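First up is the structure itself, then whatever we jot down about it.
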Amino acid sequence: MARIAGVATAVPPYVLNQGDISARLRAQFSESAVVSRLLPVFANTGIERRYSCVPVEWYYETHGWHDRNDIYLDYAQRLLENAARDALARANRTVEDVDAIVVVSTTGIATPSLDALLMNRMSFKRTVRRLPIFGLGCVGGAIGIARAATFADAHPGSTVLLLVVELCALWFRRDELTKSNIVATALFGDGAAAAVFTAEGAGPLVQASGEYTFASTLDIMGWDVAEDGLSAVFSRDIPQLVETELRDVVDAYLAQSGLTRDDVDHFLSHPGGTKVLEALEHAFGRDDGSLSDSRAVLSEYGNMSSVTLLFVLERALARGALSSNGWRRALLTAMGPGFTAAFVTLEP
């Protein structure tokens, strides 16, 4: 079965401090009742800073699809290359060892896909198999791990590289003063991550994975396509849905492997926001504040959509949570458009 042999992350160069962004919005849109009413969101997100592939002054200008997507293509390749090289080094693998590439991203359009573009920057084998995945949003990190592990399981001896990149902050639309746009401006940041999967060597074993798509929830989360870019869709019902329905879904998923929540030592979750984290802790039957890795990543990097779960996993690996003696099991979780919950079970 596939093991995660190495994980690495990358962020762009520009830092967005939460207090500074809030002050800038207040100064620029002081006459907007919507902005004034929503400004407390910035202080309540649990986020200290985020990263962006453009300087803050860029957001004062008007940009269309062409400009935004050109920046996406440029920075997505740069960040993925950095993350890929670091992850391969941590896994004691080279670019030439990679047999398959899975790429997850939802914040730009790339045709040829990002994996094909990277093959012209890096010395991958010409025979490498490629799987680009679009449209998963925040759940993409968990599903990407599951798909990469499945590929590695199906091809014994292969090395599979998972690449995840989201440039969410590119899509702030300065003329759309709606609740969803302001909330997105308070939450989202840019980043990339890579993970290496192989059946050989050390690293957490991907024991199982699964998904659950809730009925009649297509309008809870996603993108609307506007003339000048992508417009975020959020529902205020997300924490309530997690609080009331996720526990049964998690229990049913674990039961397929003969497990309960008591058999899980580490819950590593995509941190959509502080309210979602609180709802997750209640759903898992854990104490408030117990999802410490998820909270730390949210504070330091914001919500990077699908990428964020890989940052949480990297943090848990770095502090030894998945390598010390005595741990039995970790559960990775994420939720995204669909509305879909995804799970990955890791074991020593």
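Chain labels run A, B, ... following the order of the structure tokens; each chain numbers its residues from 1, and ligands are numbered from 1 in the order shown.
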Tell me which protein, DNA and RNA residues are within 7 Å of A:Glu166, counting only C-alpha atoms, leaving out same-chain ones fewer than 5 positions away, and put them as a compact mmCIF listing (two decimals) with C-alpha atoms, in the first residue's frame.
# COMPACT_ATOMS: atom_id res chain seq x y z
CA SER A 105 -6.13 23.24 -8.72
CA THR A 106 -9.33 25.26 -9.08
CA THR A 107 -8.17 28.91 -9.18
CA ASP A 190 -2.05 31.66 -1.98
CA GLY A 191 0.16 28.60 -1.71
CA ALA A 192 1.27 25.28 -3.15
CA MET A 304 -5.47 28.32 0.74
CA SER A 305 -8.35 26.13 -0.41
CA SER A 306 -7.19 22.62 -1.41
CA VAL A 307 -3.55 23.34 -0.52
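Those residues that approach stretch 14-22 of chain A to within 9 Å, counting only C-alpha atoms, are Ala27, Leu39, Pro40, Phe42, Ala43, Ile47, Glu48, Arg49, Arg50, Tyr51, Ser52, Cys53, Val54, Pro55, Val56, Thr185, Ala186 and Gly189 of chain A; same-chain residues fewer than 5 positions away are not listed.
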Assign secondary structure with DSSP using the backbone only, and return the residues of stretch 121-343 of chain A in alpha helix (DSSP H) as a PyMOL selection string. chain A and resi 140-154+179-187+238-241+247-255+274-284+292-301+308-318
Close residues, stretch 201-207 of chain A itself excluded, 10 Å, only C-alpha atoms, min 2 positions apart in chain, as number ranges by chain: A: 1-7, 91-92, 145-146, 149-150, 153, 196-199, 209, 257, 317, 322-323, 329-330, 344-348
Write a file of the selected residues as a compact mmCIF listing (two decimals), in the first residue's frame, keeping C-alpha atoms.
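File written: result08.txt
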# COMPACT_ATOMS: atom_id res chain seq x y z
CA MET A 1 0.00 0.00 0.00
CA ALA A 2 1.12 3.55 -0.69
CA ARG A 3 3.10 5.56 1.83
CA ILE A 4 3.59 9.32 1.93
CA ALA A 5 7.36 9.52 1.60
CA GLY A 6 7.72 13.30 1.59
CA VAL A 7 5.65 16.48 1.84
CA ALA A 91 11.52 11.39 -0.08
CA ASN A 92 15.04 10.66 -1.40
CA ILE A 145 -4.05 12.39 -1.65
CA ALA A 146 -6.59 9.62 -2.18
CA ALA A 149 -2.33 6.83 -3.28
CA THR A 150 -4.72 4.77 -5.41
CA ASP A 153 -1.30 1.10 -5.10
CA VAL A 196 5.44 11.88 -2.88
CA PHE A 197 3.74 8.47 -2.76
CA THR A 198 5.49 5.12 -3.01
CA ALA A 199 4.98 1.62 -1.66
CA SER A 209 -9.99 6.92 1.87
CA SER A 257 -12.56 -0.23 8.49
CA LEU A 317 5.01 15.46 10.22
CA LEU A 322 3.19 10.75 12.70
CA SER A 323 6.61 9.29 13.43
CA ARG A 329 -3.94 6.42 13.32
CA ALA A 330 -4.55 9.88 11.83
CA VAL A 344 -8.01 9.76 4.35
CA THR A 345 -6.86 7.36 7.08
CA LEU A 346 -3.13 7.20 7.81
CA GLU A 347 -1.39 4.51 9.83
CA PRO A 348 2.28 3.83 10.78
Write down as number ranges by chain the residues belonging to stretch 139-214 of chain A that are assigned strand (DSSP E) by DSSP computed on the backbone. A: 159-167, 190-198, 205-213
Best match for closeness to A:Glu211 among A:Arg319, A:Arg261, A:Arg26, A:Arg147, counting only C-alpha atoms: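 Among A:Arg319, A:Arg261, A:Arg26, A:Arg147, it is A:Arg147 that comes nearest to A:Glu211.
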Fewer than 6 positions away in the same chain doesn't count, so skip those; otherwise give me all residues within 7 Å of A:Leu80, counting only C-alpha atoms, as a count of residues only. 4
